[in-house]
Every structure is written in structure tokens, then in C-alpha cells.
Amino acid sequence: MDGNGRWASRRGMPREAGHRAGVAAVRRIVHAAPTLGIRCLTLYAFSSDNWRRPAQEVSSIFELMRAYLRLETRRLTRSSVRLKIIGRRDRIPEELRREFERAERRTFRGLALDLRIAVDYSSRDAITGAAARATNALCGTEPVSSELLRDRITETLFESTGEVDLLIRTGGEKRLSDFLLWECAYAELWFTDRMWPDFGVEDLFAALEEYRHRERRFGGLATPTANHASSPMGGGE
Ligand code: IPE
Ligand code: MG
């Protein structure tokens, strides 16, 4: 979700105003996603590298997250959205961390959409963390085969997120910025110059439309069914 700051600067407003407008876009997109056939949506809200920003901006982003969760949990529950926050928790201010836990608890039964919000997230961190946990769990006195270790690492990584089908990046940048690197192995990439606060349901629809016509081969050869059989729009053209 890139472009909040530039969206605001272009309007002569402080960056914080851009982040606030970004929250409105989150509401819009989360609400629309299940109606477009999306079952899992991960939003990259705050990367581990975003700690480099001025403390005031960081705390205003956290405050917006807290307010969003406070106000939105009931609506998420009603819409059957299950929320999960991914990323490190140990550096998140206590009050916000409690809000994460509360929202996750309340939305636990949601079946319509798996909504994941990445906060203090770094993909490299997730990968090395999974490797370390798997190694710890398996390496006692007995030697462990590297196949078993590899399986366990894969399993641990997939615990938090599945395979990414479509990655959307707003704000005109064309990079992954340490986001779900492992899970994006075969992701289709879609870039737009639209700043996140301006990102609308019609943009999401356009991305899905293009995705639908991409041919995903996963290293294999083309098949006549291509993408249409597993359309994110629920099929049925
Ligand atoms: C994305 O918008 C929001 C966060 C990273 C929290 P930016 O803050 O990156 O906006 P730009 O890139 O400066 O426009
Ligand atoms: Mg940016």
C-alpha cells in the first residue's frame, strides 16, 4: 500500500493525512474483496524497514491502526472476515499489541475472507525465523536429515501465509520491498501508478481481470484451460 505520503504532499497536506486517507482505502478494499471472489488478502501496512521513519510518523501510523481495529472489528466480524496480524510483535507498543490480540480473537470464526495485515514485517526475517524454529525443534542429539529439515521449514513458512497468486503494488514503484518473498515465488505481479489512497474497487477489479487472462505455467507448459478454470472471480464466464 504505497503512496500515502505523496498523495498528501500533492495536496499540500501532512503525510499523516495521507495515511488517514489510506485507512479509508483499506476499508473499501477489505469490504469489496470477498464480493470479487478473493478469499485471502494480505496488506503490507508497516515493514520492518519503516522503523527508519521519523518517530512521529511511526506513532501516527500505529495510532491509525489502533483506531481502525477499534472501530472496525465489529464490522469485520459481521462480514465474516478473519483477521491475522503477521510480523514481529515484540517491538509493537503494548496497547496496539493488545488491540491486535483482541481483533484476532473476535474475528477468529470468520470464513468469508482471511485478512492478513503485515506490521513490522520482513520476509527475510520470517524465512530465517522459520529456519531457526525448525532447526531448534528437530535438532536434538539425533542427526536430522536435511530433507526433514527442509519439509519442516516449508511447513512453518506456510503456516502464516499460503502461496500468493496476485501481488498488487500501488504508488508507481516496481519492487517487492521484502514482502512475502518466499510466498511470491510464482505470484503474478501487477503495478499501478495510482497512489494507495486513490486505489478503488475498480482498480482491484482491473487487476483481477488482467490476472484472469495471464497464463500461469509454474515452469510447465501451456495447458488449454490456462487460468480460466481457477478464476479469482469465481469462474463462470
Ligand atoms: C505507504 O505510503 C504507507 C506506509 C509505508 C506506512 P508511504 O508512506 O510509503 O507513501 P509515499 O511512498 O511516501 O508516498
Ligand atoms: Mg512509500
# chains A, B, ... in the order shown; residues from 1 in each chain; ligands from 1
>>> residues_around(residues="Ile85 of chain A", least_positions_apart="3", cutoff="7 Å", atoms="only C-alpha atoms", output="PyMOL selection string")
chain A and resi 100+116-119
>>> residues_near_ligand(ligand="ligand 2", cutoff="10 Å", atoms="only C-alpha atoms and all ligand atoms", output="ChimeraX atom specification")
/A:1-6,50,170-173,177,195-196
>>> write_last_selection(atoms="N, CA, C and O atoms", output="PDB file, in the first residue's frame")
ATOM      1  N   MET A   1       0.869  -1.176   0.000  1.00  0.00           N
ATOM      2  CA  MET A   1       0.000   0.000   0.000  1.00  0.00           C
ATOM      3  C   MET A   1       0.896   1.213   0.000  1.00  0.00           C
ATOM      4  O   MET A   1       1.168   1.805   1.020  1.00  0.00           O
ATOM      5  N   ASP A   2       1.331   1.599  -1.193  1.00  0.00           N
ATOM      6  CA  ASP A   2       2.333   2.653  -1.282  1.00  0.00           C
ATOM      7  C   ASP A   2       1.714   3.926  -1.862  1.00  0.00           C
ATOM      8  O   ASP A   2       0.838   3.852  -2.721  1.00  0.00           O
ATOM      9  N   GLY A   3       2.199   5.058  -1.390  1.00  0.00           N
ATOM     10  CA  GLY A   3       1.796   6.331  -1.990  1.00  0.00           C
ATOM     11  C   GLY A   3       1.018   7.262  -1.083  1.00  0.00           C
ATOM     12  O   GLY A   3       0.595   8.334  -1.519  1.00  0.00           O
ATOM     13  N   ASN A   4       0.836   6.881   0.175  1.00  0.00           N
ATOM     14  CA  ASN A   4       0.088   7.730   1.105  1.00  0.00           C
ATOM     15  C   ASN A   4       0.725   9.107   1.260  1.00  0.00           C
ATOM     16  O   ASN A   4       0.049  10.131   1.208  1.00  0.00           O
ATOM     17  N   GLY A   5       2.054   9.107   1.462  1.00  0.00           N
ATOM     18  CA  GLY A   5       2.761  10.357   1.711  1.00  0.00           C
ATOM     19  C   GLY A   5       2.700  11.275   0.508  1.00  0.00           C
ATOM     20  O   GLY A   5       2.414  12.478   0.635  1.00  0.00           O
ATOM     21  N   ARG A   6       2.937  10.717  -0.681  1.00  0.00           N
ATOM     22  CA  ARG A   6       2.922  11.538  -1.897  1.00  0.00           C
ATOM     23  C   ARG A   6       1.514  12.058  -2.190  1.00  0.00           C
ATOM     24  O   ARG A   6       1.321  13.186  -2.608  1.00  0.00           O
ATOM     25  N   ASN A  50      10.358   0.283   7.867  1.00  0.00           N
ATOM     26  CA  ASN A  50       9.666   1.552   8.110  1.00  0.00           C
ATOM     27  C   ASN A  50      10.012   2.177   9.464  1.00  0.00           C
ATOM     28  O   ASN A  50       9.693   3.335   9.723  1.00  0.00           O
ATOM     29  N   THR A 170       0.922  -0.476  -5.480  1.00  0.00           N
ATOM     30  CA  THR A 170       0.457   0.855  -5.866  1.00  0.00           C
ATOM     31  C   THR A 170       1.615   1.851  -5.788  1.00  0.00           C
ATOM     32  O   THR A 170       2.719   1.501  -5.388  1.00  0.00           O
ATOM     33  N   GLY A 171       1.381   3.068  -6.175  1.00  0.00           N
ATOM     34  CA  GLY A 171       2.330   4.158  -5.966  1.00  0.00           C
ATOM     35  C   GLY A 171       3.482   4.198  -6.955  1.00  0.00           C
ATOM     36  O   GLY A 171       4.443   4.944  -6.764  1.00  0.00           O
ATOM     37  N   GLY A 172       3.414   3.407  -8.013  1.00  0.00           N
ATOM     38  CA  GLY A 172       4.382   3.518  -9.107  1.00  0.00           C
ATOM     39  C   GLY A 172       5.716   2.820  -8.923  1.00  0.00           C
ATOM     40  O   GLY A 172       6.500   2.739  -9.863  1.00  0.00           O
ATOM     41  N   GLU A 173       5.997   2.318  -7.712  1.00  0.00           N
ATOM     42  CA  GLU A 173       7.287   1.624  -7.527  1.00  0.00           C
ATOM     43  C   GLU A 173       7.171   0.201  -8.076  1.00  0.00           C
ATOM     44  O   GLU A 173       6.101  -0.392  -8.055  1.00  0.00           O
ATOM     45  N   SER A 177      10.187  -5.019  -1.977  1.00  0.00           N
ATOM     46  CA  SER A 177      10.422  -4.450  -0.644  1.00  0.00           C
ATOM     47  C   SER A 177      10.255  -5.453   0.501  1.00  0.00           C
ATOM     48  O   SER A 177       9.576  -5.159   1.491  1.00  0.00           O
ATOM     49  N   MET A 195      -1.888   6.145  -6.409  1.00  0.00           N
ATOM     50  CA  MET A 195      -1.467   6.221  -5.008  1.00  0.00           C
ATOM     51  C   MET A 195      -2.485   5.449  -4.168  1.00  0.00           C
ATOM     52  O   MET A 195      -3.687   5.492  -4.471  1.00  0.00           O
ATOM     53  N   TRP A 196      -2.014   4.798  -3.107  1.00  0.00           N
ATOM     54  CA  TRP A 196      -2.923   3.927  -2.345  1.00  0.00           C
ATOM     55  C   TRP A 196      -4.229   4.604  -1.920  1.00  0.00           C
ATOM     56  O   TRP A 196      -5.311   4.000  -2.057  1.00  0.00           O
TER      57      TRP A 196
END
>>> atom_distance(atom1="atom CA of Tyr68 of chain A", atom2="atom CA of Val23 of chain A")
7.4 Å
>>> select_by_dssp(residues="segment 17-199 of chain A", states="strand (DSSP E or B)", output="NGL selection string")
:A and (40-47 or 81-86 or 113-121 or 166-169 or 188-191)
>>> residues_around(residues="Glu72 of chain A", least_positions_apart="6", cutoff="10 Å", atoms="only C-alpha atoms", output="PyMOL selection string")
chain A and resi 27+66+78+103
